[in-house]
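**Student:** File structure_16.cif follows (mmCIF, C-alpha atoms):
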```cif
data_my_file
loop_
_atom_site.label_atom_id
_atom_site.label_comp_id
_atom_site.auth_asym_id
_atom_site.auth_seq_id
_atom_site.Cartn_x
_atom_site.Cartn_y
_atom_site.Cartn_z
CA MET J 638 -20.25 -38.31 -33.03
CA PHE J 639 -21.84 -38.04 -36.48
CA ARG J 640 -19.45 -36.85 -39.24
CA LEU J 641 -20.21 -35.93 -42.82
CA PRO J 642 -18.34 -37.98 -45.41
CA ARG J 643 -15.31 -36.01 -46.60
CA ARG J 644 -16.62 -35.82 -50.17
CA ARG J 645 -19.93 -34.30 -49.04
CA LEU J 646 -18.09 -31.90 -46.73
CA LEU J 647 -15.86 -30.73 -49.58
CA ALA J 648 -18.84 -30.45 -51.87
CA GLY J 649 -20.70 -28.33 -49.33
CA GLY J 650 -17.68 -26.07 -48.89
CA THR J 651 -17.29 -25.69 -52.66
CA ALA J 652 -20.96 -24.83 -53.06
CA ALA J 653 -20.73 -22.21 -50.34
CA PHE J 654 -17.63 -20.70 -51.94
CA THR J 655 -19.32 -20.66 -55.36
CA ALA J 656 -22.39 -18.96 -53.92
CA LEU J 657 -20.23 -16.35 -52.24
CA ALA J 658 -18.28 -15.76 -55.44
CA THR J 659 -21.47 -15.04 -57.37
CA LEU J 660 -22.44 -12.16 -55.07
CA PRO J 661 -22.23 -8.85 -56.95
CA GLY J 662 -19.01 -7.44 -55.47
CA LEU J 663 -17.15 -7.01 -52.24
CA ALA J 664 -19.45 -4.22 -51.07
CA THR J 665 -22.36 -6.66 -51.04
CA VAL J 666 -20.34 -9.17 -49.02
CA ARG J 667 -19.46 -6.50 -46.50
CA ALA J 668 -23.06 -5.36 -46.28
CA PHE J 669 -24.15 -8.94 -45.68
CA ALA J 670 -21.55 -9.33 -42.91
CA ALA J 671 -22.65 -6.07 -41.33
CA GLY J 672 -26.24 -7.25 -41.36
CA VAL J 673 -25.27 -10.49 -39.61
CA GLU J 674 -23.31 -8.56 -36.99
CA ALA J 675 -26.24 -6.21 -36.40
CA PHE J 676 -28.52 -9.20 -35.96
CA VAL J 677 -26.38 -10.70 -33.18
CA LYS J 678 -25.39 -7.39 -31.56
CA GLY J 679 -27.74 -5.16 -29.66
CA PRO J 680 -28.36 -1.55 -30.68
CA PRO J 681 -26.13 1.37 -29.65
CA VAL J 682 -26.75 3.02 -26.29
CA PRO J 683 -27.61 6.73 -26.47
CA ASP J 684 -24.89 9.08 -25.26
CA ARG J 685 -25.06 10.27 -21.68
CA PRO J 686 -23.26 13.33 -20.30
CA LEU J 687 -19.76 13.04 -18.87
CA VAL J 688 -19.63 15.14 -15.69
CA GLN J 689 -16.47 16.33 -13.94
CA VAL J 690 -16.42 15.52 -10.23
CA SER J 691 -12.91 16.72 -9.34
CA PRO J 692 -9.72 17.75 -11.18
CA HIS J 693 -8.99 14.19 -12.37
CA VAL J 694 -12.33 12.40 -12.03
CA TRP J 695 -15.19 12.29 -14.52
CA VAL J 696 -18.34 10.19 -14.29
CA ILE J 697 -21.13 9.07 -16.59
CA ARG J 698 -24.13 9.02 -14.30
CA ALA J 699 -26.56 6.19 -14.91
CA PRO J 700 -30.27 6.72 -14.40
CA ASP J 701 -31.23 4.85 -11.28
CA GLY J 702 -33.12 1.61 -11.71
CA PHE J 703 -32.66 -2.01 -12.67
CA PRO J 704 -31.85 -3.39 -16.14
CA THR J 705 -34.77 -3.07 -18.57
CA PRO J 706 -35.26 -2.90 -22.34
CA GLN J 707 -35.81 0.84 -21.94
CA ASN J 708 -32.51 1.64 -20.19
CA GLN J 709 -30.58 -1.09 -22.11
CA GLY J 710 -28.84 -2.05 -18.87
CA MET J 711 -27.45 1.43 -18.23
CA MET J 712 -27.82 1.34 -14.45
CA ALA J 713 -24.36 1.81 -12.92
CA ASN J 714 -22.08 4.84 -13.01
CA ILE J 715 -18.89 4.64 -15.08
CA THR J 716 -15.92 6.57 -13.70
CA PHE J 717 -12.81 7.81 -15.49
CA VAL J 718 -9.66 8.96 -13.72
CA VAL J 719 -7.75 11.09 -16.22
CA GLY J 720 -4.05 11.62 -15.53
CA ARG J 721 -0.94 12.71 -17.35
CA GLU J 722 -0.08 9.15 -18.41
CA GLY J 723 -3.54 8.00 -19.45
CA VAL J 724 -6.97 7.03 -18.16
CA ILE J 725 -8.11 4.38 -15.70
CA VAL J 726 -11.74 3.25 -15.73
CA VAL J 727 -13.48 2.32 -12.49
CA ASP J 728 -16.30 -0.05 -13.47
CA SER J 729 -16.98 -0.32 -17.19
CA GLY J 730 -20.76 -0.72 -17.40
CA ALA J 731 -23.16 -3.55 -18.14
CA SER J 732 -22.56 -4.31 -21.83
CA LEU J 733 -20.40 -3.90 -24.90
CA GLN J 734 -22.78 -1.19 -26.09
CA ILE J 735 -22.55 0.77 -22.83
CA GLY J 736 -18.77 0.52 -22.92
CA GLU J 737 -18.74 1.82 -26.49
CA MET J 738 -20.86 4.79 -25.45
CA ALA J 739 -18.51 5.47 -22.54
CA ILE J 740 -15.52 5.54 -24.88
CA ARG J 741 -17.31 7.98 -27.18
CA MET J 742 -17.97 10.27 -24.24
CA LEU J 743 -14.41 9.96 -22.93
CA ARG J 744 -13.16 11.20 -26.29
CA THR J 745 -15.06 14.45 -25.76
CA VAL J 746 -12.67 15.39 -22.92
CA THR J 747 -9.35 13.65 -23.71
CA ASN J 748 -7.50 11.70 -26.38
CA ARG J 749 -5.28 9.97 -23.80
CA PRO J 750 -5.43 6.18 -23.95
CA VAL J 751 -7.18 3.99 -21.44
CA VAL J 752 -4.37 2.19 -19.64
CA GLY J 753 -6.37 0.16 -17.13
CA ILE J 754 -9.72 -0.84 -15.64
CA VAL J 755 -10.64 -1.54 -12.03
CA ASN J 756 -13.68 -3.78 -11.52
CA THR J 757 -14.96 -3.18 -7.99
CA HIS J 758 -16.79 -6.53 -7.71
CA TYR J 759 -18.35 -9.35 -9.73
CA HIS J 760 -21.89 -8.08 -10.39
CA GLY J 761 -22.26 -7.76 -14.15
CA ASP J 762 -23.33 -4.12 -14.32
CA HIS J 763 -19.77 -3.29 -13.23
CA TRP J 764 -17.66 -5.36 -15.64
CA LEU J 765 -19.55 -6.51 -18.76
CA GLY J 766 -18.42 -3.28 -20.44
CA ASN J 767 -14.81 -4.57 -20.27
CA HIS J 768 -15.48 -6.03 -23.73
CA ALA J 769 -15.64 -2.59 -25.37
CA PHE J 770 -12.42 -1.38 -23.77
CA ALA J 771 -10.56 -4.57 -24.70
CA GLU J 772 -11.64 -4.11 -28.31
CA ALA J 773 -10.62 -0.46 -28.34
CA PHE J 774 -7.37 -0.65 -26.36
CA GLY J 775 -6.23 -4.26 -26.73
CA GLU J 776 -7.07 -7.59 -25.16
CA ASP J 777 -4.05 -7.24 -22.86
CA LEU J 778 -5.38 -4.00 -21.34
CA PRO J 779 -4.79 -4.39 -17.57
CA ARG J 780 -8.04 -5.12 -15.76
CA TYR J 781 -7.65 -5.14 -11.97
CA ALA J 782 -9.84 -6.92 -9.42
CA LEU J 783 -9.50 -9.04 -6.33
CA PRO J 784 -8.77 -12.71 -7.13
CA GLU J 785 -12.21 -13.76 -5.83
CA THR J 786 -13.86 -11.34 -8.24
CA ARG J 787 -11.90 -12.69 -11.19
CA ALA J 788 -12.74 -16.30 -10.23
CA ALA J 789 -16.45 -15.47 -9.95
CA ILE J 790 -16.51 -13.76 -13.35
CA LEU J 791 -14.74 -16.70 -14.98
CA GLY J 792 -17.18 -19.10 -13.30
CA LEU J 793 -20.93 -19.49 -13.07
CA GLU J 794 -21.46 -15.96 -11.76
CA GLY J 795 -20.06 -14.42 -14.91
CA SER J 796 -22.09 -16.59 -17.27
CA ALA J 797 -25.24 -16.00 -15.26
CA TRP J 798 -24.81 -12.22 -15.42
CA GLN J 799 -24.06 -12.29 -19.14
CA SER J 800 -27.20 -14.26 -20.00
CA ALA J 801 -29.42 -12.46 -17.49
CA MET J 802 -28.49 -9.05 -18.85
CA VAL J 803 -29.48 -10.14 -22.37
CA LYS J 804 -32.81 -11.37 -21.02
CA TRP J 805 -33.52 -8.33 -18.83
CA THR J 806 -32.75 -5.89 -21.66
CA ALA J 807 -34.65 -7.85 -24.35
CA GLN J 808 -31.44 -8.51 -26.33
CA ALA J 809 -30.11 -4.93 -26.07
CA SER J 810 -26.81 -6.23 -24.64
CA ALA J 811 -26.53 -9.08 -27.16
CA GLY J 812 -23.02 -9.52 -28.51
CA THR J 813 -21.33 -8.81 -25.19
CA ARG J 814 -18.70 -11.39 -24.32
CA ILE J 815 -17.09 -12.11 -20.98
CA VAL J 816 -13.81 -10.22 -20.64
CA ALA J 817 -12.61 -10.98 -17.13
CA PRO J 818 -10.07 -9.12 -15.01
CA ASN J 819 -6.51 -10.20 -15.84
CA ARG J 820 -4.54 -8.61 -12.98
CA ASP J 821 -4.95 -9.60 -9.33
CA ALA J 822 -5.27 -6.65 -6.97
CA ALA J 823 -4.86 -6.44 -3.20
CA HIS J 824 -5.61 -4.02 -0.40
CA GLY J 825 -3.09 -1.18 -0.39
CA ASP J 826 -2.08 -1.49 -4.05
CA GLU J 827 -1.53 1.79 -5.87
CA LEU J 828 -1.89 2.59 -9.57
CA SER J 829 -0.19 5.74 -10.82
CA LEU J 830 -1.03 7.96 -13.74
CA GLY J 831 1.94 10.24 -13.10
CA ASP J 832 0.13 13.16 -11.51
CA VAL J 833 -2.57 11.20 -9.70
CA ARG J 834 -2.66 7.93 -7.74
CA LEU J 835 -5.39 5.35 -7.23
CA ARG J 836 -5.17 3.44 -3.94
CA LEU J 837 -7.19 0.23 -3.53
CA HIS J 838 -9.04 -0.65 -0.33
CA HIS J 839 -10.56 -3.97 0.76
CA TYR J 840 -11.72 -4.83 4.28
CA GLY J 841 -13.57 -8.11 3.85
CA ARG J 842 -17.19 -8.88 3.07
CA ALA J 843 -19.40 -5.83 2.60
CA HIS J 844 -21.63 -5.73 -0.49
CA THR J 845 -19.90 -8.93 -1.67
CA PRO J 846 -16.95 -10.89 -0.29
CA SER J 847 -14.58 -9.13 -2.71
CA ASP J 848 -15.36 -5.41 -2.90
CA LEU J 849 -12.69 -2.91 -3.93
CA SER J 850 -13.01 0.76 -3.12
CA VAL J 851 -10.75 3.06 -5.13
CA ALA J 852 -9.35 6.25 -3.63
CA VAL J 853 -8.27 8.94 -6.07
CA VAL J 854 -5.75 10.20 -3.57
CA GLU J 855 -4.88 13.67 -4.83
CA ASP J 856 -8.55 14.56 -5.39
CA GLY J 857 -10.01 13.24 -2.13
CA VAL J 858 -12.50 11.10 -4.08
CA MET J 859 -13.45 7.56 -3.06
CA CYS J 860 -15.10 5.32 -5.66
CA VAL J 861 -17.00 2.91 -3.43
CA GLY J 862 -18.66 0.63 -5.98
CA ASP J 863 -21.75 -0.80 -4.30
CA VAL J 864 -20.48 -0.68 -0.72
CA MET J 865 -22.47 2.54 -0.45
CA MET J 866 -25.33 3.77 -2.60
CA ASP J 867 -27.32 6.95 -2.89
CA ARG J 868 -31.09 6.51 -2.60
CA ARG J 869 -30.99 2.91 -3.62
CA ILE J 870 -31.24 -0.22 -1.50
CA ALA J 871 -28.13 -2.29 -2.00
CA ASN J 872 -28.28 -5.95 -2.99
CA MET J 873 -27.16 -7.77 0.17
CA ASP J 874 -27.61 -11.37 -1.00
CA ASP J 875 -23.83 -11.94 -0.92
CA GLY J 876 -23.03 -9.23 1.59
CA SER J 877 -22.88 -8.36 5.27
CA TYR J 878 -24.38 -5.48 7.21
CA LEU J 879 -21.69 -5.72 9.89
CA GLY J 880 -19.01 -5.95 7.25
CA THR J 881 -20.42 -2.89 5.51
CA PHE J 882 -20.29 -0.90 8.76
CA GLU J 883 -16.67 -1.96 9.28
CA THR J 884 -15.72 -1.06 5.71
CA MET J 885 -17.34 2.36 6.05
CA ASP J 886 -15.43 3.01 9.27
CA ARG J 887 -12.10 1.85 7.83
CA LEU J 888 -12.52 3.91 4.66
CA ARG J 889 -13.07 7.01 6.74
CA THR J 890 -10.08 6.25 8.96
CA ASP J 891 -7.69 5.23 6.17
CA SER J 892 -8.39 8.00 3.67
CA ASP J 893 -8.86 11.72 3.35
CA THR J 894 -12.12 11.46 1.42
CA ARG J 895 -14.20 14.55 0.70
CA ILE J 896 -16.36 13.17 -2.12
CA TRP J 897 -17.88 9.69 -2.01
CA LEU J 898 -18.67 8.38 -5.49
CA PRO J 899 -21.08 5.43 -5.50
CA ALA J 900 -21.77 3.24 -8.52
CA HIS J 901 -25.48 4.01 -8.07
CA GLY J 902 -26.54 7.55 -7.33
CA GLU J 903 -25.02 11.00 -7.03
CA PRO J 904 -21.50 11.58 -5.68
CA GLY J 905 -21.13 13.84 -2.68
CA PRO J 906 -20.06 14.14 0.96
CA GLY J 907 -23.32 12.77 2.38
CA VAL J 908 -23.40 9.32 0.77
CA PRO J 909 -22.05 7.41 3.84
CA VAL J 910 -24.58 9.02 6.17
CA TRP J 911 -27.52 8.13 3.92
CA GLN J 912 -26.40 4.51 3.48
CA ARG J 913 -25.38 3.88 7.07
CA THR J 914 -28.52 5.36 8.56
CA LEU J 915 -30.68 3.08 6.40
CA PHE J 916 -28.59 -0.01 7.16
CA GLU J 917 -28.57 0.67 10.90
CA GLY J 918 -32.34 1.11 10.75
CA ILE J 919 -32.59 -2.35 9.19
CA TYR J 920 -29.97 -4.24 11.18
CA GLU J 921 -30.33 -2.88 14.71
CA PRO J 922 -34.03 -3.79 15.17
CA CYS J 923 -33.25 -7.26 13.82
CA ALA J 924 -30.36 -7.68 16.26
CA ALA J 925 -32.60 -6.51 19.13
CA ALA J 926 -35.31 -8.96 18.08
CA VAL J 927 -32.84 -11.83 18.03
CA LYS J 928 -31.54 -10.90 21.49
CA ALA J 929 -35.10 -10.80 22.84
CA GLY J 930 -36.08 -14.07 21.18
CA ARG J 931 -38.68 -12.39 18.95
CA SER J 932 -39.67 -13.82 15.58
CA ILE J 933 -38.61 -12.57 12.18
CA GLU J 934 -42.15 -11.28 11.61
CA GLU J 935 -41.84 -9.15 14.74
CA ALA J 936 -38.44 -7.95 13.56
CA LYS J 937 -39.87 -6.93 10.18
CA ALA J 938 -42.60 -4.90 11.85
CA ALA J 939 -40.01 -3.14 14.02
CA VAL J 940 -37.79 -2.34 11.03
CA LEU J 941 -40.61 -0.95 8.92
CA ALA J 942 -41.71 1.26 11.83
CA ASP J 943 -38.19 2.57 12.44
CA PRO J 944 -38.03 6.21 11.25
CA ARG J 945 -34.57 5.65 9.78
CA VAL J 946 -36.17 3.14 7.42
CA ALA J 947 -39.66 4.56 6.95
CA SER J 948 -38.29 7.95 5.94
CA ARG J 949 -36.42 6.44 3.00
CA ALA J 950 -39.19 4.35 1.46
CA ALA J 951 -40.50 6.96 -0.95
CA GLU J 952 -37.10 8.01 -2.33
CA THR J 953 -35.42 4.61 -2.71
CA LYS J 954 -35.47 2.65 -5.96
CA GLY J 955 -36.57 -0.99 -5.69
CA TRP J 956 -37.98 -0.48 -2.20
CA ASP J 957 -41.18 -2.53 -2.27
CA SER J 958 -39.66 -5.50 -4.08
CA ASN J 959 -36.52 -5.70 -1.93
CA ILE J 960 -37.02 -4.42 1.60
CA GLY J 961 -38.60 -7.66 2.89
CA LYS J 962 -35.72 -9.77 1.64
CA TYR J 963 -33.10 -7.45 3.08
CA ILE J 964 -34.78 -7.49 6.48
CA SER J 965 -34.69 -11.29 6.36
CA LEU J 966 -30.98 -11.21 5.49
CA ALA J 967 -30.31 -8.84 8.37
CA TYR J 968 -32.21 -11.08 10.80
CA LEU J 969 -30.26 -14.12 9.62
CA GLU J 970 -26.95 -12.29 10.03
CA ALA J 971 -27.96 -11.12 13.50
CA GLU J 972 -28.78 -14.75 14.45
CA GLN J 973 -25.36 -15.87 13.23
CA ALA J 974 -23.64 -13.04 15.10
CA ASP J 975 -25.50 -13.98 18.29
CA PHE J 976 -24.74 -17.69 18.02
#
```
Could you write out this file's structure as structure tokens?
**Tutor:**
Amino acid sequence: MFRLPRRRLLAGGTAAFTALATLPGLATVRAFAAGVEAFVKGPPVPDRPLVQVSPHVWVIRAPDGFPTPQNQGMMANITFVVGREGVIVVDSGASLQIGEMAIRMLRTVTNRPVVGIVNTHYHGDHWLGNHAFAEAFGEDLPRYALPETRAAILGLEGSAWQSAMVKWTAQASAGTRIVAPNRDAAHGDELSLGDVRLRLHHYGRAHTPSDLSVAVVEDGVMCVGDVMMDRRIANMDDGSYLGTFETMDRLRTDSDTRIWLPAHGEPGPGVPVWQRTLFEGIYEPCAAAVKAGRSIEEAKAAVLADPRVASRAAETKGWDSNIGKYISLAYLEAEQADF
């Protein structure tokens, strides 16, 4: 490795110090530093309303879509559970800037500290905002996720999401660093805020291999991450249709949920019906085609003609660019299930 001679290194350091010392005052130095920071950090994200869903649950609704320069990556809902002993965040957003906006909005309803974060899975629009909360509430702020989620974020998945978000938003998320979960969670774990409990649910592969759903027990609210969505076709590259059906069934059986709160779309009682009907319309024709020995092209035609699928095309974000892939994934899963 090439090294500068010590004398030249010292000379360079002295020259830099001398140049800094000649600047006209500390205010100029601070202004220079602020300019450097602004250059490497994307712009602030405009405030979005904080809406109360139930006595303890508030949500910042993201406009539906995929990360673009226009939305600055603001594409996933951010949920706050506000209790007597503090606030727990369920999914922190897609960047430092989005997390900072979320904290500003939280302060419009409570001054209680954030005492924890739950990251529902490893897709970056759900955890890159951890950076803002760690800066505001301490690097040791508990951040809960399944061990597989933490490993993915600390590995290639996390780096890929960090760099992709900067690219997709044309540098709007620049400055966001990876702040991974630091507490392993498991199915059945409970987090208490004194007057309200959060119970964690995991039933295997659904949207990803390591999805957490978070029940706000006293309020009858279930934060489902991306296991269910509202008028959006879920990314199933790492997921399972059959696993999603099982998770939906188990969540209904194991909880007293009245409001389903997805990370994409509007919360309400009808979210499971919308999601399941679409997924059954995709998977069942594929499974029938596999049983009958028909090709994937024939399966695609059957899916697109199914009224459960066709009726959702006009209202579902990302439909044209994703439906073909998700039919292929369903056909492949049906082949594996039939093997």
**Student:** Run the PyMOL selection byres ((chain J and resi 741) around 12) mentally over the shown coordinates, then write out the matched residues as a tab-separated table (two decimals) with C-alpha atoms, keeping the file's coordinate frame, using the chain letters and numbers from the document.
**Tutor:**
```
chain	number	residue	atom	x	y	z
J	681	PRO	CA	-26.13	1.37	-29.65
J	682	VAL	CA	-26.75	3.02	-26.29
J	683	PRO	CA	-27.61	6.73	-26.47
J	684	ASP	CA	-24.89	9.08	-25.26
J	685	ARG	CA	-25.06	10.27	-21.68
J	686	PRO	CA	-23.26	13.33	-20.30
J	687	LEU	CA	-19.76	13.04	-18.87
J	697	ILE	CA	-21.13	9.07	-16.59
J	734	GLN	CA	-22.78	-1.19	-26.09
J	735	ILE	CA	-22.55	0.77	-22.83
J	736	GLY	CA	-18.77	0.52	-22.92
J	737	GLU	CA	-18.74	1.82	-26.49
J	738	MET	CA	-20.86	4.79	-25.45
J	739	ALA	CA	-18.51	5.47	-22.54
J	740	ILE	CA	-15.52	5.54	-24.88
J	742	MET	CA	-17.97	10.27	-24.24
J	743	LEU	CA	-14.41	9.96	-22.93
J	744	ARG	CA	-13.16	11.20	-26.29
J	745	THR	CA	-15.06	14.45	-25.76
J	746	VAL	CA	-12.67	15.39	-22.92
J	747	THR	CA	-9.35	13.65	-23.71
J	748	ASN	CA	-7.50	11.70	-26.38
J	769	ALA	CA	-15.64	-2.59	-25.37
J	770	PHE	CA	-12.42	-1.38	-23.77
J	773	ALA	CA	-10.62	-0.46	-28.34
```
**Student:** Determine the residue membership of the PyMOL selection byres ((chain J and resi 700) around 8) for the file above and supply it as a list in words.
**Tutor:** Arg698, Ala699, Asp701, Gly702, Met711, Met712 and Ala713 of chain J
**Student:** Take the selection from the previous step and output its residues with C-alpha atoms, as a compact mmCIF listing (two decimals), in the coordinates of the input.
**Tutor:**
```txt
# COMPACT_ATOMS: atom_id res chain seq x y z
CA ARG J 698 -24.13 9.02 -14.30
CA ALA J 699 -26.56 6.19 -14.91
CA ASP J 701 -31.23 4.85 -11.28
CA GLY J 702 -33.12 1.61 -11.71
CA MET J 711 -27.45 1.43 -18.23
CA MET J 712 -27.82 1.34 -14.45
CA ALA J 713 -24.36 1.81 -12.92
```
**Student:** What separation in Å, quoted to one decimal, exists between CA of His768 (chain J) and CA of Val816 (chain J)?
**Tutor:**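 Spanning CA of His768 (chain J) to CA of Val816 (chain J) is a straight-line distance of 5.5 Å.
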**Student:** For the file shown, what are the residues hit by the PyMOL selection byres ((chain J and resi 868-871) around 6), laid out as a PyMOL selection string?
**Tutor:** chain J and resi 866-867+872-873+953-954
**Student:** Rounded to one decimal, what separation in Å do you get between CA of Gly710 (chain J) and CA of Ser796 (chain J)?
**Tutor:**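 For CA of Gly710 (chain J) relative to CA of Ser796 (chain J), the distance reads 16.1 Å.
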**Student:** In Å, how far is it from CA of Asn756 (chain J) to CA of Asp863 (chain J)?
**Tutor:**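 For CA of Asn756 (chain J) relative to CA of Asp863 (chain J), the distance reads 11.2 Å.
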**Student:** Give me the residues of region 780-828 of chain J that have any atom at most 12 Å from an atom of region 834-851 of chain J; for each, the nearest atom pair and the distance in Å, rounded to one decimal. Use only C-alpha atoms, sort by chain and number, and format it as a tab-separated table.
**Tutor:**
```
residue	atom	partner	partner_atom	distance
J:Tyr781	CA	J:Leu849	CA	9.7
J:Ala782	CA	J:Leu849	CA	7.4
J:Leu783	CA	J:Ser847	CA	6.2
J:Pro784	CA	J:Ser847	CA	8.1
J:Glu785	CA	J:Ser847	CA	6.1
J:Thr786	CA	J:Ser847	CA	6.0
J:Arg787	CA	J:Ser847	CA	9.6
J:Ala788	CA	J:Ser847	CA	10.6
J:Ala789	CA	J:Ser847	CA	9.8
J:Ile790	CA	J:Ser847	CA	11.8
J:Asp821	CA	J:Leu849	CA	11.6
J:Ala822	CA	J:Leu837	CA	7.9
J:Ala823	CA	J:Leu837	CA	7.1
J:His824	CA	J:His838	CA	4.8
J:Gly825	CA	J:Leu837	CA	5.4
J:Asp826	CA	J:Leu837	CA	5.4
J:Glu827	CA	J:Arg836	CA	4.4
J:Leu828	CA	J:Leu835	CA	5.0
```
**Student:** Which is closest to Thr881 (chain J) among J:Ser829, J:Leu898, J:Ala967, J:Glu934, if we use only C-alpha atoms?
**Tutor:** J:Ala967
**Student:** Using all atoms listed in the file, pick whichever of J:Asp856, J:Gln709, J:Leu791, J:Tyr968 has the shortest atom-to-atom distance to Arg931 (chain J).
**Tutor:**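 The shortest atom-to-atom distance to Arg931 (chain J) comes from J:Tyr968.
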**Student:** Determine, counting only C-alpha atoms, which protein, DNA and RNA residues have an atom within 8 Å of an atom of Gly679 (chain J); residues of the same chain fewer than 4 positions away are not included. Present the result as a CSV table (one decimal) with C-alpha atoms, keeping the file's coordinate frame.
**Tutor:**
```csv
chain,number,residue,atom,x,y,z
J,675,ALA,CA,-26.2,-6.2,-36.4
J,734,GLN,CA,-22.8,-1.2,-26.1
J,808,GLN,CA,-31.4,-8.5,-26.3
J,809,ALA,CA,-30.1,-4.9,-26.1
J,810,SER,CA,-26.8,-6.2,-24.6
J,811,ALA,CA,-26.5,-9.1,-27.2
J,812,GLY,CA,-23.0,-9.5,-28.5
```
**Student:** Hey, what's within 9 Å of Leu778 (chain J) if we count all atoms listed in the file and toss same-chain stuff fewer than 2 positions away? As a PyMOL selection string, please?
**Tutor:** chain J and resi 751-754+770-771+774-776+780+819
**Student:** Any idea what's packed within 9 Å of Val946 (chain J), counting all atoms listed in the file, ignoring anything in its chain fewer than 2 positions away? Could you give it as a compact mmCIF listing (two decimals) with C-alpha atoms, keeping the file's coordinate frame?
**Tutor:**
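Result file is out-v6.txt:
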```txt
# COMPACT_ATOMS: atom_id res chain seq x y z
CA THR J 914 -28.52 5.36 8.56
CA LEU J 915 -30.68 3.08 6.40
CA PHE J 916 -28.59 -0.01 7.16
CA GLU J 917 -28.57 0.67 10.90
CA GLY J 918 -32.34 1.11 10.75
CA ILE J 919 -32.59 -2.35 9.19
CA VAL J 940 -37.79 -2.34 11.03
CA LEU J 941 -40.61 -0.95 8.92
CA ALA J 942 -41.71 1.26 11.83
CA ASP J 943 -38.19 2.57 12.44
CA PRO J 944 -38.03 6.21 11.25
CA SER J 948 -38.29 7.95 5.94
CA ARG J 949 -36.42 6.44 3.00
CA ALA J 950 -39.19 4.35 1.46
```
**Student:** Which of these residues is nearest to Leu830 (chain J), using only C-alpha atoms: J:Thr890, J:Lys804, J:Ser932, J:Glu855?
**Tutor:**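 Nearest to Leu830 (chain J): J:Glu855.
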**Student:** With distances taken over all atoms listed in the file, which residue among J:Lys962, J:Lys678, J:Arg814, J:His693 lies nearest Gly766 (chain J)?
**Tutor:**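 Nearest candidate to Gly766 (chain J) out of J:Lys962, J:Lys678, J:Arg814, J:His693: J:Arg814.
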**Student:** So which one's closest to Cys923 (chain J), J:Ala951, J:Ala971, J:Ala900, J:Val910? Using all atoms listed in the file, please.
**Tutor:**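 Result for the nearest residue to Cys923 (chain J): J:Ala971.
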